[in-house]
$ cat data13.txt   # compact mmCIF, C-alpha atoms and all ligand atoms
# COMPACT_ATOMS: atom_id res chain seq x y z
CA MET A 1 73.72 120.81 107.54
CA PHE A 2 71.28 123.15 109.19
CA THR A 3 67.53 123.52 109.02
CA ASP A 4 65.92 126.66 107.59
CA GLN A 5 65.56 127.98 111.14
CA GLY A 6 69.35 127.85 111.45
CA LYS A 7 69.21 125.05 114.03
CA ALA A 8 71.33 121.91 113.78
CA MET A 9 69.32 119.02 112.37
CA GLU A 10 68.70 115.79 114.25
CA THR A 11 71.02 112.98 113.18
CA VAL A 12 69.29 109.61 113.42
CA VAL A 13 71.50 106.62 114.28
CA THR A 14 70.08 103.33 113.01
CA ASP A 15 71.09 99.69 112.49
CA SER A 16 68.66 99.33 109.59
CA PRO A 17 70.05 99.68 106.05
CA GLU A 18 66.48 100.09 104.82
CA ARG A 19 65.77 102.99 107.17
CA ALA A 20 69.06 104.72 106.29
CA ALA A 21 68.35 104.25 102.57
CA GLU A 22 64.97 105.91 103.02
CA PHE A 23 66.81 109.18 103.81
CA ILE A 24 68.73 108.89 100.51
CA ARG A 25 65.50 108.28 98.61
CA ARG A 26 64.02 111.44 100.14
CA GLY A 27 67.01 113.57 99.11
CA GLY A 28 68.87 113.44 102.43
CA LEU A 29 72.37 112.46 103.57
CA ALA A 30 73.20 109.18 105.29
CA ALA A 31 76.61 107.93 106.44
CA PHE A 32 77.26 104.20 106.11
CA PRO A 33 80.03 101.68 106.81
CA THR A 34 82.13 100.10 104.07
CA GLU A 35 85.14 97.77 104.32
CA THR A 36 87.54 100.75 104.00
CA VAL A 37 86.15 103.73 105.96
CA TYR A 38 82.66 105.16 106.62
CA GLY A 39 81.21 107.10 103.67
CA LEU A 40 78.77 110.03 103.59
CA GLY A 41 76.15 109.10 101.00
CA ALA A 42 73.72 110.97 98.74
CA GLY A 43 71.79 109.87 95.66
CA ILE A 44 74.07 110.52 92.70
CA PHE A 45 71.39 111.96 90.41
CA ASP A 46 70.09 114.36 93.08
CA GLU A 47 72.06 117.55 92.55
CA LYS A 48 70.79 119.22 95.72
CA ALA A 49 71.68 116.26 97.90
CA VAL A 50 75.15 116.05 96.32
CA ALA A 51 75.68 119.74 97.07
CA GLY A 52 74.68 118.94 100.66
CA VAL A 53 77.53 116.40 100.93
CA PHE A 54 80.09 119.09 100.09
CA ARG A 55 78.47 121.47 102.59
CA ALA A 56 78.18 119.00 105.47
CA LYS A 57 81.88 118.08 105.22
CA SER A 58 83.14 121.56 104.29
CA ARG A 59 84.67 119.84 101.28
CA PRO A 60 86.32 121.96 98.58
CA ALA A 61 84.11 121.94 95.45
CA ASP A 62 87.05 120.89 93.25
CA ASN A 63 87.37 117.46 94.89
CA PRO A 64 85.31 114.82 93.00
CA LEU A 65 83.20 112.12 94.68
CA ILE A 66 83.19 108.34 94.18
CA ALA A 67 80.00 106.57 93.03
CA HIS A 68 79.18 103.45 95.05
CA VAL A 69 77.19 100.63 93.44
CA SER A 70 75.65 97.47 94.86
CA ASP A 71 75.83 95.57 91.57
CA PRO A 72 78.39 95.88 88.73
CA ARG A 73 75.47 96.28 86.29
CA GLN A 74 74.78 99.72 87.83
CA ILE A 75 78.13 101.00 86.52
CA ARG A 76 76.52 101.60 83.12
CA SER A 77 74.19 104.20 84.64
CA VAL A 78 77.08 106.42 85.78
CA ALA A 79 79.86 105.71 83.24
CA SER A 80 79.57 106.20 79.48
CA ARG A 81 82.12 103.48 78.72
CA ILE A 82 83.76 100.63 80.62
CA THR A 83 87.30 100.37 79.25
CA ASP A 84 89.20 97.06 78.85
CA PRO A 85 91.50 97.45 81.86
CA ALA A 86 88.53 98.54 83.97
CA THR A 87 86.64 95.39 82.97
CA LYS A 88 89.58 93.28 84.11
CA PHE A 89 89.88 95.09 87.44
CA ILE A 90 86.14 94.92 88.03
CA ASP A 91 86.14 91.15 87.37
CA ALA A 92 89.09 90.65 89.70
CA PHE A 93 88.36 93.04 92.59
CA PHE A 94 84.68 94.02 92.77
CA PRO A 95 83.36 93.99 95.43
CA GLY A 96 86.50 95.31 97.14
CA PRO A 97 88.60 98.33 98.14
CA LEU A 98 89.23 99.53 94.56
CA THR A 99 87.86 102.58 92.72
CA VAL A 100 88.10 102.64 88.92
CA ILE A 101 87.98 105.98 87.09
CA LEU A 102 85.93 105.86 83.88
CA PRO A 103 84.48 108.33 81.37
CA LYS A 104 81.42 109.85 83.03
CA SER A 105 77.82 109.49 81.86
CA GLU A 106 76.05 112.74 80.99
CA ASP A 107 73.29 111.83 83.43
CA VAL A 108 75.60 112.38 86.41
CA PRO A 109 75.45 116.00 87.59
CA SER A 110 78.81 117.69 87.12
CA ILE A 111 78.92 118.84 90.76
CA ALA A 112 79.45 115.16 91.73
CA THR A 113 82.67 114.93 89.73
CA ALA A 114 83.82 118.52 90.38
CA GLY A 115 83.37 119.29 86.70
CA LEU A 116 85.59 116.42 85.47
CA ASP A 117 84.44 114.29 82.53
CA THR A 118 85.42 111.14 84.42
CA ILE A 119 83.89 109.37 87.42
CA GLY A 120 85.26 107.04 90.08
CA VAL A 121 83.18 103.92 90.73
CA ARG A 122 83.44 101.28 93.41
CA MET A 123 81.46 98.39 94.90
CA PRO A 124 82.20 98.01 98.62
CA ASP A 125 82.91 94.55 100.04
CA CYS A 126 80.57 95.02 102.98
CA ARG A 127 77.16 93.38 103.30
CA ILE A 128 75.45 96.24 105.14
CA ALA A 129 76.76 98.80 102.59
CA LEU A 130 75.48 96.72 99.68
CA GLU A 131 72.06 96.35 101.32
CA PHE A 132 71.92 100.10 101.96
CA ILE A 133 72.80 101.00 98.34
CA GLY A 134 70.34 98.34 97.13
CA PHE A 135 67.49 99.82 99.19
CA ALA A 136 68.44 103.35 98.02
CA LYS A 137 67.71 102.12 94.45
CA THR A 138 70.40 104.42 93.04
CA PRO A 139 74.19 104.59 92.94
CA VAL A 140 75.32 106.59 95.98
CA VAL A 141 78.12 109.18 95.91
CA ALA A 142 80.17 109.03 99.08
CA PRO A 143 83.34 110.70 100.24
CA SER A 144 84.76 109.63 103.58
CA ALA A 145 82.33 110.76 106.32
CA ASN A 146 84.67 113.19 108.13
CA ILE A 147 85.01 116.95 108.21
CA SER A 148 87.44 117.69 105.35
CA GLY A 149 91.07 117.38 106.41
CA ARG A 150 90.35 115.25 109.52
CA PRO A 151 91.25 111.55 109.73
CA SER A 152 88.73 109.36 107.88
CA PRO A 153 86.18 107.70 110.21
CA THR A 154 86.55 103.98 110.81
CA THR A 155 83.77 103.75 113.43
CA TRP A 156 80.25 105.14 113.55
CA LYS A 157 81.21 107.13 116.64
CA ALA A 158 83.92 108.93 114.66
CA VAL A 159 81.25 109.90 112.12
CA LEU A 160 79.06 111.22 114.94
CA GLU A 161 82.00 113.17 116.38
CA ASP A 162 82.45 115.07 113.09
CA LEU A 163 78.97 115.24 111.56
CA ASP A 164 76.37 115.15 114.36
CA GLY A 165 73.71 117.75 113.56
CA ARG A 166 74.99 118.16 110.00
CA ILE A 167 73.57 115.01 108.34
CA ASP A 168 70.27 113.12 108.47
CA CYS A 169 71.39 109.67 109.45
CA ILE A 170 74.22 107.34 110.43
CA LEU A 171 73.88 103.66 109.55
CA ARG A 172 75.65 101.98 112.46
CA GLY A 173 77.96 99.06 111.68
CA ASP A 174 81.20 97.60 112.98
CA ALA A 175 84.61 99.23 112.81
CA THR A 176 85.72 99.11 109.16
CA ARG A 177 87.87 96.09 108.30
CA VAL A 178 90.64 97.73 106.22
CA GLY A 179 90.82 101.14 107.92
CA LEU A 180 92.37 102.97 104.92
CA GLU A 181 90.53 104.17 101.80
CA SER A 182 90.21 102.38 98.48
CA THR A 183 92.93 102.37 95.84
CA VAL A 184 92.00 104.78 93.04
CA VAL A 185 93.09 103.67 89.56
CA ASP A 186 92.46 105.81 86.50
CA CYS A 187 91.23 103.52 83.70
CA SER A 188 90.06 106.29 81.38
CA GLY A 189 93.32 106.43 79.39
CA ILE A 190 95.45 103.84 77.61
CA LYS A 191 97.47 102.65 80.60
CA PRO A 192 95.89 102.36 84.05
CA THR A 193 97.42 104.82 86.51
CA VAL A 194 97.18 104.54 90.28
CA LEU A 195 96.21 107.96 91.66
CA ARG A 196 95.84 106.92 95.31
CA ALA A 197 97.32 103.88 97.05
CA GLY A 198 94.77 102.01 99.14
CA GLY A 199 93.23 98.68 100.13
CA ILE A 200 94.25 96.83 96.93
CA SER A 201 98.02 96.84 96.44
CA VAL A 202 99.76 97.98 93.26
CA GLU A 203 101.32 94.51 93.05
CA GLU A 204 97.84 92.97 92.91
CA LEU A 205 96.77 95.38 90.15
CA ILE A 206 99.89 94.64 88.08
CA LYS A 207 99.10 90.91 88.24
CA ILE A 208 95.82 91.65 86.43
CA VAL A 209 96.98 94.45 84.08
CA PRO A 210 100.80 94.47 83.79
CA GLU A 211 100.92 97.99 82.24
CA THR A 212 99.53 99.55 85.44
CA ARG A 213 101.79 102.24 86.89
CA MET A 214 101.89 104.65 89.81
CA ALA A 215 101.14 108.28 89.00
CA THR A 216 104.07 110.59 89.45
CA ASN A 217 103.37 113.24 92.08
CA GLY A 218 102.65 115.98 89.59
CA SER A 219 100.29 113.95 87.41
CA ALA A 220 98.30 112.66 90.39
CA ARG A 221 97.84 116.26 91.43
CA VAL A 222 96.42 117.19 88.06
CA ARG A 223 94.25 114.13 87.61
CA SER A 224 93.10 113.60 91.16
CA PRO A 225 92.32 116.99 92.66
CA GLY A 226 91.77 115.37 96.06
CA SER A 227 95.45 114.62 96.35
CA MET A 228 96.22 118.36 96.58
CA HIS A 229 94.22 118.93 99.71
CA THR A 230 95.29 118.43 103.30
CA HIS A 231 94.28 115.03 104.62
CA TYR A 232 94.20 112.68 107.55
CA THR A 233 95.41 115.20 110.08
CA PRO A 234 94.83 114.96 113.79
CA SER A 235 95.27 118.14 115.84
CA ALA A 236 98.43 116.64 117.31
CA ARG A 237 101.77 116.92 115.55
CA VAL A 238 102.63 113.70 113.67
CA VAL A 239 106.27 112.62 113.68
CA LEU A 240 107.51 109.64 111.66
CA ILE A 241 110.22 107.48 113.21
CA ALA A 242 112.14 104.42 112.04
CA TYR A 243 113.20 102.84 115.33
CA PRO A 244 110.79 103.24 118.27
CA SER A 245 113.29 101.48 120.56
CA GLU A 246 115.38 104.67 120.30
CA LEU A 247 112.59 106.88 121.62
CA GLU A 248 113.86 108.34 124.87
CA ARG A 249 111.20 110.77 125.87
CA CYS A 250 107.64 110.43 124.84
CA ARG A 251 105.59 111.22 127.93
CA ALA A 252 102.47 113.16 126.99
CA ALA A 253 102.86 111.67 123.52
CA GLY A 254 101.22 108.89 121.56
CA PHE A 255 102.91 106.04 119.72
CA ILE A 256 101.64 103.70 117.02
CA GLY A 257 103.74 101.14 115.19
CA LEU A 258 104.93 97.57 114.96
CA ASP A 259 107.69 97.52 117.63
CA ILE A 260 107.62 98.32 121.34
CA PRO A 261 108.81 101.89 121.98
CA GLY A 262 111.86 102.57 124.17
CA ALA A 263 110.07 105.07 126.39
CA GLU A 264 106.56 104.77 127.78
CA PRO A 265 104.08 107.00 125.93
CA GLU A 266 100.78 108.17 127.38
CA LEU A 267 98.93 106.19 124.73
CA ALA A 268 100.45 103.36 122.69
CA GLN A 269 99.16 101.04 119.99
CA VAL A 270 101.63 98.28 119.17
CA CYS A 271 100.32 96.37 116.15
CA GLY A 272 101.05 92.79 115.09
CA SER A 273 101.08 93.51 111.35
CA VAL A 274 100.81 96.26 108.75
CA GLU A 275 97.16 95.29 108.30
CA GLU A 276 96.49 95.78 112.01
CA TYR A 277 98.37 99.10 111.91
CA ALA A 278 96.17 100.31 109.03
CA PHE A 279 93.06 99.15 110.89
CA HIS A 280 93.97 101.21 114.00
CA LEU A 281 95.64 104.30 112.51
CA PHE A 282 92.81 106.81 112.03
CA ASP A 283 91.02 105.77 115.20
CA PHE A 284 94.27 106.14 117.13
CA PHE A 285 94.72 109.69 115.77
CA ARG A 286 91.25 110.56 117.01
CA LYS A 287 91.87 108.95 120.43
CA CYS A 288 95.04 111.02 120.83
CA ASP A 289 93.14 114.21 119.96
CA ARG A 290 90.45 113.42 122.54
CA ARG A 291 93.17 112.98 125.19
CA GLY A 292 94.77 116.30 124.23
CA ILE A 293 98.03 114.59 123.20
CA LYS A 294 100.38 117.01 121.45
CA THR A 295 102.72 114.68 119.52
CA ILE A 296 102.07 111.30 117.91
CA TYR A 297 105.09 109.20 116.96
CA CYS A 298 104.32 106.84 114.07
CA GLN A 299 106.66 104.05 113.08
CA GLN A 300 107.47 103.82 109.37
CA VAL A 301 106.83 100.53 107.55
CA ASP A 302 108.18 98.84 104.42
CA GLU A 303 106.51 100.10 101.27
CA THR A 304 105.13 96.85 99.94
CA GLY A 305 101.53 95.63 99.84
CA LEU A 306 99.29 97.69 102.14
CA GLY A 307 102.45 99.38 103.45
CA VAL A 308 102.40 101.71 100.41
CA ALA A 309 98.98 103.10 101.35
CA LEU A 310 99.87 103.26 105.05
CA MET A 311 103.07 105.24 104.38
CA ASP A 312 101.15 107.58 102.04
CA ARG A 313 98.69 108.45 104.83
CA LEU A 314 101.46 108.77 107.43
CA ARG A 315 103.49 111.14 105.23
CA ARG A 316 100.48 113.31 104.47
CA ALA A 317 99.54 113.48 108.15
CA ALA A 318 103.12 114.40 109.07
CA ALA A 319 103.42 116.99 106.30
CA ALA A 320 100.22 118.73 107.34
CA SER A 321 100.99 118.92 111.03
O1 LIG B 1 87.44 103.89 100.39
C1 LIG B 1 87.01 104.89 99.85
O2 LIG B 1 87.28 105.21 98.68
C2 LIG B 1 86.06 105.78 100.67
C3 LIG B 1 84.77 104.99 100.95
C4 LIG B 1 83.73 105.83 101.64
O3 LIG B 1 84.30 104.43 99.77
N1 LIG B 1 85.79 106.99 99.99
C5 LIG B 1 86.71 107.97 99.88
O4 LIG B 1 86.26 109.10 99.23
O5 LIG B 1 87.84 107.89 100.31
P1 LIG B 1 87.02 110.49 99.29
O6 LIG B 1 86.11 111.43 98.63
O7 LIG B 1 87.43 110.78 100.67
O8 LIG B 1 88.26 110.29 98.34
C6 LIG B 1 88.06 110.13 96.95
C7 LIG B 1 89.36 110.29 96.21
C8 LIG B 1 89.80 111.73 96.19
O9 LIG B 1 91.21 111.77 96.33
C9 LIG B 1 89.38 112.18 94.80
O10 LIG B 1 90.17 113.23 94.31
C10 LIG B 1 89.54 110.92 93.98
O11 LIG B 1 89.16 109.88 94.85
N2 LIG B 1 88.64 110.93 92.81
C11 LIG B 1 87.30 110.78 92.82
N3 LIG B 1 86.79 110.90 91.57
C12 LIG B 1 87.84 111.13 90.75
C13 LIG B 1 87.99 111.35 89.34
N4 LIG B 1 86.95 111.38 88.51
N5 LIG B 1 89.23 111.54 88.86
C14 LIG B 1 90.31 111.52 89.67
N6 LIG B 1 90.25 111.33 91.01
C15 LIG B 1 89.04 111.13 91.55
MG MG B 2 88.40 111.54 102.28
$ encode --input "data13.txt" --output "structure tokens"
Amino acid sequence: MFTDQGKAMETVVTDSPERAAEFIRRGGLAAFPTETVYGLGAGIFDEKAVAGVFRAKSRPADNPLIAHVSDPRQIRSVASRITDPATKFIDAFFPGPLTVILPKSEDVPSIATAGLDTIGVRMPDCRIALEFIGFAKTPVVAPSANISGRPSPTTWKAVLEDLDGRIDCILRGDATRVGLESTVVDCSGIKPTVLRAGGISVEELIKIVPETRMATNGSARVRSPGSMHTHYTPSARVVLIAYPSELERCRAAGFIGLDIPGAEPELAQVCGSVEEYAFHLFDFFRKCDRRGIKTIYCQQVDETGLGVALMDRLRRAAAAS
């Protein structure tokens, strides 16, 4: 965001949740860590601040934002009704990497939900995020704190790289534990529908509400406008591979995956598990971009547990590049 004089604004970096929350209370924008990725926060009832979030990220206006709460009791201030499946998911997974979609309260400005009559709500499993939202004294809308289309930020430095001079504040925390965004499950209808795979697996959701299903591609597109837009893309070309041992030439390339590649890449991240892979992925994309790497080879993983979300991000990154 820019000041009235057209100059970039100063972005304050702080370790204090209270100081960062003060910017929210004054109508500003503050990025903060969660367990999934860093978010770019604004007070949900402050229409001007919410508009500022879209501007700072160059986010298309048709992509709705998620409301973040520090206490499940705050959900009532943003949702008009908490449906039965949502209650079950909230009891089982809040705080945690799950967003439930509910009918929206009239008090929430429609710009926050891109005109939809539903709203996504989540309570992050991250102490510093909960303190920040608590001090803000309001639910906080927050998309991932990247320029739209870029890989989501998993470190405060990645936020600075994208948004320095465009937002008021960055609350500095550790690298985010999960590294991929929350699972988004629509609980506004009869059967819960997963619109975005994420930190809570579909298997875990089905254990709580057996009727839960994955959205088909078309329906996710209609119900979750965000899924239509380009995402998670480094500047480098992303190529998915099954067997890294068969890589013969990958000089001047990057590699990330679970097995050791056959050829020696310029930059490699061999991960011990799917969880570790998810943790490193977006940061690795950014590292490759900084090094000017042209191609990133990414090993495919089995689509179970967190592997579903990881493959979703890898496919989108590959499709967009
Ligand atoms: O882990 C996360 O969810 C992170 C952290 C910061 O909490 N946030 C995040 O926000 O990933 P964002 O804006 O990058 O992605 C939100 C996704 C989008 O795909 C959006 O379309 C979908 O959630 N979404 C939000 N509200 C919705 C609604 N009312 N109906 C359907 N989809 C919704
Ligand atoms: Mg995002």
$ residues_near_ligand --input "data13.txt" --ligand "ligand LIG 1 (chain B)" --cutoff "7 Å" --atoms "only C-alpha atoms and all ligand atoms" --output "count of residues only"
36
$ residues_around --input "data13.txt" --residues "Gly292 (chain A)" --least-positions-apart "6" --cutoff "12 Å" --atoms "only C-alpha atoms" --output "list in words"
Pro234, Ser235, Ala236, Arg237, Ala252, Ala253, Gly254, Glu266, Leu267, Phe285 and Arg286 of chain A
$ write_last_selection --input "data13.txt" --atoms "C-alpha atoms" --output "tab-separated table (two decimals), keeping the file's coordinate frame"
chain	number	residue	atom	x	y	z
A	234	PRO	CA	94.83	114.96	113.79
A	235	SER	CA	95.27	118.14	115.84
A	236	ALA	CA	98.43	116.64	117.31
A	237	ARG	CA	101.77	116.92	115.55
A	252	ALA	CA	102.47	113.16	126.99
A	253	ALA	CA	102.86	111.67	123.52
A	254	GLY	CA	101.22	108.89	121.56
A	266	GLU	CA	100.78	108.17	127.38
A	267	LEU	CA	98.93	106.19	124.73
A	285	PHE	CA	94.72	109.69	115.77
A	286	ARG	CA	91.25	110.56	117.01
$ closest_residue --input "data13.txt" --among "A:Lys191, A:Asp289, A:Tyr232, A:Val202" --to "ligand MG 2 (chain B)" --atoms "all atoms listed in the file"
A:Tyr232
$ closest_residue --input "data13.txt" --among "A:Ala317, A:Val50, A:Ala242, A:Val100" --to "Met123 (chain A)" --atoms "only C-alpha atoms"
A:Val100
$ closest_residue --input "data13.txt" --among "A:Leu281, A:Ile90, A:Ile147, A:Val13" --to "ligand MG 2 (chain B)" --atoms "only C-alpha atoms and all ligand atoms"
A:Ile147
$ closest_residue --input "data13.txt" --among "A:Glu106, A:Glu131, A:Glu203, A:Asp164" --to "Asp71 (chain A)" --atoms "all atoms listed in the file"
A:Glu131
$ decode --input "data13.txt" --residues "region 83-136 of chain A" --atoms "C-alpha atoms" --output "PDB file, in the first residue's frame"
ATOM      1  CA  THR A  83     -24.280 -26.106  11.453  1.00  0.00           C
ATOM      2  CA  ASP A  84     -24.101 -29.614  13.004  1.00  0.00           C
ATOM      3  CA  PRO A  85     -21.132 -30.885  10.982  1.00  0.00           C
ATOM      4  CA  ALA A  86     -19.299 -27.616  11.634  1.00  0.00           C
ATOM      5  CA  THR A  87     -19.834 -28.049  15.378  1.00  0.00           C
ATOM      6  CA  LYS A  88     -18.296 -31.516  15.180  1.00  0.00           C
ATOM      7  CA  PHE A  89     -15.293 -30.318  13.184  1.00  0.00           C
ATOM      8  CA  ILE A  90     -14.773 -27.340  15.477  1.00  0.00           C
ATOM      9  CA  ASP A  91     -14.819 -29.607  18.553  1.00  0.00           C
ATOM     10  CA  ALA A  92     -12.369 -32.008  16.928  1.00  0.00           C
ATOM     11  CA  PHE A  93      -9.920 -29.694  15.134  1.00  0.00           C
ATOM     12  CA  PHE A  94      -9.989 -26.138  16.511  1.00  0.00           C
ATOM     13  CA  PRO A  95      -7.392 -24.787  17.019  1.00  0.00           C
ATOM     14  CA  GLY A  96      -5.839 -26.345  13.911  1.00  0.00           C
ATOM     15  CA  PRO A  97      -5.286 -26.158  10.145  1.00  0.00           C
ATOM     16  CA  LEU A  98      -8.992 -26.384   9.219  1.00  0.00           C
ATOM     17  CA  THR A  99     -11.330 -23.716   7.816  1.00  0.00           C
ATOM     18  CA  VAL A 100     -15.090 -24.313   8.059  1.00  0.00           C
ATOM     19  CA  ILE A 101     -17.428 -22.482   5.676  1.00  0.00           C
ATOM     20  CA  LEU A 102     -20.631 -21.270   7.358  1.00  0.00           C
ATOM     21  CA  PRO A 103     -23.542 -18.955   6.536  1.00  0.00           C
ATOM     22  CA  LYS A 104     -22.227 -15.414   6.960  1.00  0.00           C
ATOM     23  CA  SER A 105     -23.412 -12.865   9.517  1.00  0.00           C
ATOM     24  CA  GLU A 106     -24.838  -9.644   8.077  1.00  0.00           C
ATOM     25  CA  ASP A 107     -22.355  -7.678  10.165  1.00  0.00           C
ATOM     26  CA  VAL A 108     -19.442  -8.874   8.013  1.00  0.00           C
ATOM     27  CA  PRO A 109     -18.866  -6.499   5.079  1.00  0.00           C
ATOM     28  CA  SER A 110     -19.521  -8.273   1.799  1.00  0.00           C
ATOM     29  CA  ILE A 111     -16.113  -7.269   0.394  1.00  0.00           C
ATOM     30  CA  ALA A 112     -14.542  -9.728   2.904  1.00  0.00           C
ATOM     31  CA  THR A 113     -16.405 -12.689   1.401  1.00  0.00           C
ATOM     32  CA  ALA A 114     -16.304 -11.441  -2.212  1.00  0.00           C
ATOM     33  CA  GLY A 115     -20.074 -11.055  -2.144  1.00  0.00           C
ATOM     34  CA  LEU A 116     -20.768 -14.656  -1.033  1.00  0.00           C
ATOM     35  CA  ASP A 117     -23.352 -15.316   1.680  1.00  0.00           C
ATOM     36  CA  THR A 118     -20.957 -17.719   3.396  1.00  0.00           C
ATOM     37  CA  ILE A 119     -17.757 -17.175   5.365  1.00  0.00           C
ATOM     38  CA  GLY A 120     -14.724 -19.327   6.103  1.00  0.00           C
ATOM     39  CA  VAL A 121     -13.631 -19.401   9.751  1.00  0.00           C
ATOM     40  CA  ARG A 122     -10.558 -20.838  11.401  1.00  0.00           C
ATOM     41  CA  MET A 123      -8.672 -20.755  14.699  1.00  0.00           C
ATOM     42  CA  PRO A 124      -4.922 -21.146  14.142  1.00  0.00           C
ATOM     43  CA  ASP A 125      -2.945 -23.570  16.311  1.00  0.00           C
ATOM     44  CA  CYS A 126      -0.185 -21.072  16.995  1.00  0.00           C
ATOM     45  CA  ARG A 127       0.311 -19.243  20.283  1.00  0.00           C
ATOM     46  CA  ILE A 128       1.622 -15.995  18.812  1.00  0.00           C
ATOM     47  CA  ALA A 129      -1.273 -15.850  16.289  1.00  0.00           C
ATOM     48  CA  LEU A 130      -3.841 -16.372  19.039  1.00  0.00           C
ATOM     49  CA  GLU A 131      -2.249 -13.643  21.177  1.00  0.00           C
ATOM     50  CA  PHE A 132      -2.219 -11.273  18.197  1.00  0.00           C
ATOM     51  CA  ILE A 133      -5.915 -11.873  17.377  1.00  0.00           C
ATOM     52  CA  GLY A 134      -6.747 -11.588  21.087  1.00  0.00           C
ATOM     53  CA  PHE A 135      -5.026  -8.189  21.367  1.00  0.00           C
ATOM     54  CA  ALA A 136      -6.724  -7.036  18.127  1.00  0.00           C
TER      55      ALA A 136
END
